[in-house]
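Report on the following structure.
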Protein chains: 2
Amino acid sequence: MIASTSIHIERTTTPKAKPPQDKLGFGIYFTDHMFIMNYTADEGWHQSRIVPYQPITLDPAAKVFHYGQTVFEGLKAYKTADGRVQVFRPDANMRRMNLSNDRMSMPEIPTDLVLDAIKGLTHIDQDWIPDGEGNSLYIRPFIIATEALLGVQPSQAYTFMIIMSPVGAYYPEGINPVKIFVESHYVRAMIGGVGEAKTAGNYAAGLKAQDAAKEQGYTQVLWLDGAEHKYIEEVGSMNVFFKIDGTVYTPSLNGSILDGITRNSVIQLLRHWQVPVVERQLSIEEIYEAGKNGKLEEAFGTGTAAVISPVGELNWLGVKLVINGGATGGLSEKLYNNLTGIQYGKLEDEFNWMVEVK
Amino acid sequence: MIASTSIHIERTTTPKAKPPQDKLGFGIYFTDHMFIMNYTADEGWHQSRIVPYQPITLDPAAKVFHYGQTVFEGLKAYKTADGRVQVFRPDANMRRMNLSNDRMSMPEIPTDLVLDAIKGLTHIDQDWIPDGEGNSLYIRPFIIATEALLGVQPSQAYTFMIIMSPVGAYYPEGINPVKIFVESHYVRAMIGGVGEAKTAGNYAAGLKAQDAAKEQGYTQVLWLDGAEHKYIEEVGSMNVFFKIDGTVYTPSLNGSILDGITRNSVIQLLRHWQVPVVERQLSIEEIYEAGKNGKLEEAFGTGTAAVISPVGELNWLGVKLVINGGATGGLSEKLYNNLTGIQYGKLEDEFNWMVEVK
Ligand SMILES: Cc1ncc(COP(=O)(O)O)c(C=O)c1O
Ligand SMILES: Cc1ncc(COP(=O)(O)O)c(C=O)c1O
């Protein structure tokens, strides 16, 4: 049951100081307001409101703490040179959120209301959108199960919230290539599991491998499939692409990886440019083979946080594969420039991706 | 870093009414007090205290809501006929909690302090331990990541809590056999994943399959392995055993199933009784084969909530397998009687499993 209502607004009377624009990091600072609404089986979604950013109070038996029923999204608002504010493909995030909700036995959200909430909240806190290359406002909608009951069944009550954080470039290396560790022991998700849902447990499951990779000097982990440790899945919070002999390859959406919105946008751009792009099962072995034969031209990750993140080196079972001499490839750079060009309003938005906030 | 301190106690001034002893259900009612302590990287675990049961307040950016870093345990306290209070194998739960903590990149807990907390809390709320066949006090220790930061890294701050709930028999069918649906599409966990950790995401991942099974009249799902959908893992919140031609089989601890404390106790009892018991990889096919040949004598689940839950029917790919004519088997009943006999203090505690609370 979806109840759509208007959004009540309560403005803060004690605005916070803005953080220094050159030391934003990712998800450290939060804006002055947040959006919140509640769900019960009887009333559907109700009491939608924008209020001052504040702690929330939950029963210690709330299901989110015990059985992890939760879904989240991540998207960004950008400030253009002429002062407009625009959000990148929020409709796609809302669609994906409802797919995640379905997988996690959670109620559908009213996407029109939530789009209004995203716009309303971004508008109210627009002074928080930072200027500067690579800076933006990260928007985090999320839903948590709140029913205070320890039975392992779907919760009958939920809270949906949106919080926002002014962010700098996600990867400290910036558009410089990152080194990625190919994980052959730990597994993040598998077919039949919840890998394609944007749900908390998938991220907790990845921490240990990620820490081990970091200790060895790698920025992130490249996950392989859970059944055979043979096929490429995705990187930490990015989908992954490989340019081999003029064609761009990316793992197909098999149910265990996230249907990334940046991934989808990159595929659209490549098709538009008539660069051949293939979605299929990709083995790590063929990537190494292509590397050996000199046919692996570029590799890059795609995601909301980093947009495009070139991959300069892989390490699979101790064997290092340096890609494009460890430098950013031409296609990676072109994609980065085009996507950020559209996001910051410097290039024409041919695909109608940007939603302006007025 | 583990900081051990004494436990500060604040008693409630407004005790709640106790629930009706014949309508307890599972995890619906909570006692008057709870235990809580906090962790920071600098201070380790600190501020351990027993306080009135009350809501907790968290920043909406707390990592538990976004990345699911959480671990929990479940154990029970029982009241004996002569009024003593005893907890079943709390030391084993504490050991398992620290294994889960390690897998989830979470800090170790000081087990001695936590055992004291379990005893102290059970003692303070001992009037909440219900009388009556199958009734007990369910104890739920859990840890949640509280740092308000959206980067995907392990949290630097955690809260550990213990809440308690007077419970009746977990399965409405009681010691009567349950019907179990063998899941061939959805997957709960896999080798290399977090299946052996008692962490929230594993339970959220199982809800959809569980709901589908319930709609078809099955109490729970029997999970198969994630790679081939061939080998038996475990049931919802129970490990599973099969008695075939006089020998008892249970899936070995392969990393993707929980190392159940009831499972371990059953194995110890069987060995003590000189009933042959084998832990190994078990295919669903051989169970059906044994059923067809008349050699499958019994099947049962083991877990803190149900203790022993006989399985009367399986449904695998539409083929129903009725076990022991759908009735409770002799070994299941003997195990149930022995375990609950020890738990309720009716039988001698030969294995030193019970910890008395004074
Ligand atoms: C696991 C995972 N894969 C891929 C992505 C990339 O998706 P998107 O491009 O929508 O940000 C993300 C998130 O940002 C992610 O968390
Ligand atoms: C997934 C799972 N398997 C098995 C069990 C049984 O473990 P125990 O006997 O320790 O309760 C549980 C929990 O209770 C569980 O959650």
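Letters A, B, ... mark the chains of the structure tokens in the order given; residue numbers begin at 1 per chain; ligand numbers begin at 1, in order shown.
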
At a cut-off of 7 Å, can you tabulate as a tab-separated table every residue of chain B near ligand 2 together with its closest atom pair and the distance in Å to one decimal, using only C-alpha atoms and all ligand atoms and ordering rows by chain then number?
residue	atom	partner	partner_atom_place_in_ligand_line	distance
B:Gly74	CA	ligand 2	14 (O)	6.2
B:Leu75	CA	ligand 2	11 (O)	6.9
B:Lys198	CA	ligand 2	16 (O)	6.6
B:Glu234	CA	ligand 2	3 (N)	6.1
B:Val235	CA	ligand 2	3 (N)	6.5
B:Gly236	CA	ligand 2	1 (C)	5.7
B:Ser237	CA	ligand 2	15 (C)	3.5
B:Met238	CA	ligand 2	4 (C)	3.7
B:Asn239	CA	ligand 2	4 (C)	4.6
B:Ile257	CA	ligand 2	3 (N)	6.5
B:Leu258	CA	ligand 2	3 (N)	4.8
B:Asp259	CA	ligand 2	7 (O)	6.5
B:Gly260	CA	ligand 2	7 (O)	3.4
B:Ile261	CA	ligand 2	10 (O)	3.7
B:Thr262	CA	ligand 2	9 (O)	3.5
B:Arg263	CA	ligand 2	9 (O)	5.5
B:Thr302	CA	ligand 2	9 (O)	5.7
B:Gly303	CA	ligand 2	9 (O)	3.5
B:Thr304	CA	ligand 2	11 (O)	3.6
B:Ala305	CA	ligand 2	14 (O)	6.4

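All of the residues in chain B within 6 Å of chain A are B:Gly27, B:Ile28, B:Pro55, B:Ile56, B:Thr57, B:Leu58, B:Asp59, B:Pro60, B:His66, B:Tyr67, B:Gly68, B:Gln69, B:Ser105, B:Leu149, B:Leu150, B:His185, B:Tyr186, B:Val187, B:Gly192, B:Gly193, B:Ala200, B:Gly201, B:Tyr203, B:Ala204, B:Lys208, B:Ala227, where only C-alpha atoms were counted.
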
N, CA, C and O atoms of the current selection, written as a compact mmCIF listing (two decimals), in the first residue's frame:
# COMPACT_ATOMS: atom_id res chain seq x y z
N GLY B 27 10.01 -13.34 21.05
CA GLY B 27 10.63 -12.02 20.82
C GLY B 27 9.65 -10.87 20.69
O GLY B 27 9.91 -9.90 19.99
N ILE B 28 8.50 -11.01 21.36
CA ILE B 28 7.46 -9.98 21.29
C ILE B 28 7.54 -9.07 22.51
O ILE B 28 7.43 -7.86 22.40
N PRO B 55 14.55 2.93 24.43
CA PRO B 55 14.99 3.14 23.04
C PRO B 55 16.43 3.62 22.99
O PRO B 55 16.95 4.17 23.98
N ILE B 56 17.07 3.42 21.85
CA ILE B 56 18.41 3.96 21.67
C ILE B 56 18.37 5.01 20.56
O ILE B 56 17.53 4.97 19.68
N THR B 57 19.31 5.93 20.65
CA THR B 57 19.34 7.07 19.75
C THR B 57 20.61 7.02 18.92
O THR B 57 21.69 6.87 19.48
N LEU B 58 20.46 7.09 17.61
CA LEU B 58 21.61 6.98 16.73
C LEU B 58 21.56 8.05 15.65
O LEU B 58 20.49 8.49 15.23
N ASP B 59 22.73 8.42 15.16
CA ASP B 59 22.81 9.32 14.02
C ASP B 59 22.26 8.57 12.80
O ASP B 59 22.53 7.38 12.64
N PRO B 60 21.50 9.25 11.94
CA PRO B 60 20.99 8.54 10.75
C PRO B 60 22.10 8.03 9.83
O PRO B 60 21.85 7.15 9.01
N HIS B 66 23.48 1.47 7.01
CA HIS B 66 23.91 1.55 5.60
C HIS B 66 24.69 0.33 5.15
O HIS B 66 24.47 -0.18 4.06
N TYR B 67 25.61 -0.13 6.00
CA TYR B 67 26.49 -1.20 5.57
C TYR B 67 26.38 -2.46 6.42
O TYR B 67 27.17 -3.38 6.26
N GLY B 68 25.41 -2.47 7.33
CA GLY B 68 25.03 -3.72 7.99
C GLY B 68 26.08 -4.38 8.86
O GLY B 68 26.02 -5.60 9.06
N GLN B 69 27.01 -3.62 9.37
CA GLN B 69 28.02 -4.23 10.24
C GLN B 69 27.37 -4.52 11.58
O GLN B 69 27.19 -3.64 12.42
N SER B 105 34.82 -7.88 10.63
CA SER B 105 35.76 -6.79 10.91
C SER B 105 35.29 -5.93 12.08
O SER B 105 35.37 -4.70 12.03
N LEU B 149 29.29 7.81 9.42
CA LEU B 149 30.24 8.03 8.34
C LEU B 149 29.85 7.11 7.19
O LEU B 149 29.68 5.91 7.40
N LEU B 150 29.73 7.66 5.98
CA LEU B 150 29.23 6.83 4.87
C LEU B 150 30.30 6.12 4.05
O LEU B 150 29.98 5.43 3.09
N HIS B 185 16.17 -22.24 -5.80
CA HIS B 185 16.38 -21.04 -6.60
C HIS B 185 17.20 -20.01 -5.80
O HIS B 185 18.29 -19.61 -6.19
N TYR B 186 16.64 -19.60 -4.68
CA TYR B 186 17.33 -18.62 -3.85
C TYR B 186 18.46 -19.28 -3.06
O TYR B 186 18.39 -20.47 -2.74
N VAL B 187 19.47 -18.48 -2.74
CA VAL B 187 20.62 -18.97 -1.99
C VAL B 187 20.83 -18.06 -0.79
O VAL B 187 20.65 -16.85 -0.88
N GLY B 192 33.22 -18.81 1.36
CA GLY B 192 33.89 -17.55 1.07
C GLY B 192 33.06 -16.34 1.48
O GLY B 192 33.55 -15.22 1.52
N GLY B 193 31.78 -16.58 1.79
CA GLY B 193 30.90 -15.50 2.23
C GLY B 193 30.82 -15.43 3.75
O GLY B 193 31.75 -15.85 4.44
N ALA B 200 23.34 -9.89 10.63
CA ALA B 200 22.00 -9.52 10.19
C ALA B 200 21.71 -9.84 8.72
O ALA B 200 20.66 -10.38 8.38
N GLY B 201 22.66 -9.51 7.85
CA GLY B 201 22.41 -9.63 6.41
C GLY B 201 22.02 -11.04 5.98
O GLY B 201 21.24 -11.21 5.04
N TYR B 203 20.08 -13.01 7.42
CA TYR B 203 18.66 -13.26 7.72
C TYR B 203 17.77 -12.48 6.76
O TYR B 203 16.78 -13.02 6.26
N ALA B 204 18.15 -11.24 6.48
CA ALA B 204 17.40 -10.47 5.48
C ALA B 204 17.42 -11.19 4.14
O ALA B 204 16.42 -11.23 3.41
N LYS B 208 12.77 -13.65 1.48
CA LYS B 208 11.91 -13.82 0.30
C LYS B 208 11.60 -15.30 0.06
O LYS B 208 10.44 -15.66 -0.20
N ALA B 227 26.72 -22.88 -4.87
CA ALA B 227 27.42 -23.14 -6.13
C ALA B 227 26.65 -24.10 -7.02
O ALA B 227 26.52 -23.87 -8.22

Q.
Let's see if you can do this: from backbone DSSP, list all strand (DSSP E or B) residues in segment 134-332 of chain A, as number ranges by chain.
A. A: 136-145, 148, 157-167, 178-183, 220-224, 231-235, 238-244, 247-250, 277-279, 283, 296-303, 307-316, 319-322

Q.
Please list as a ChimeraX atom specification every residue within 12 Å of Val240 of chain A, counting only C-alpha atoms and excluding residues in the same chain fewer than 4 positions away.
A. /A:180,220-224,232-236,248-253,257-260,262-264,266-267,279,282,284,298-303,307-311,332

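In this structure, atom CA of Tyr78 of chain A sits 5.2 Å away from atom CA of Ser136 of chain A.
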
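Take atom CA of Thr40 of chain A and atom CA of Arg96 of chain A: the distance between them is 21.8 Å.
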
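For the residues A:Pro90, A:Pro166, A:Pro15, A:Pro52, ranking by smallest atom-to-atom distance to ligand 1 using only C-alpha atoms and all ligand atoms places A:Pro90 first.
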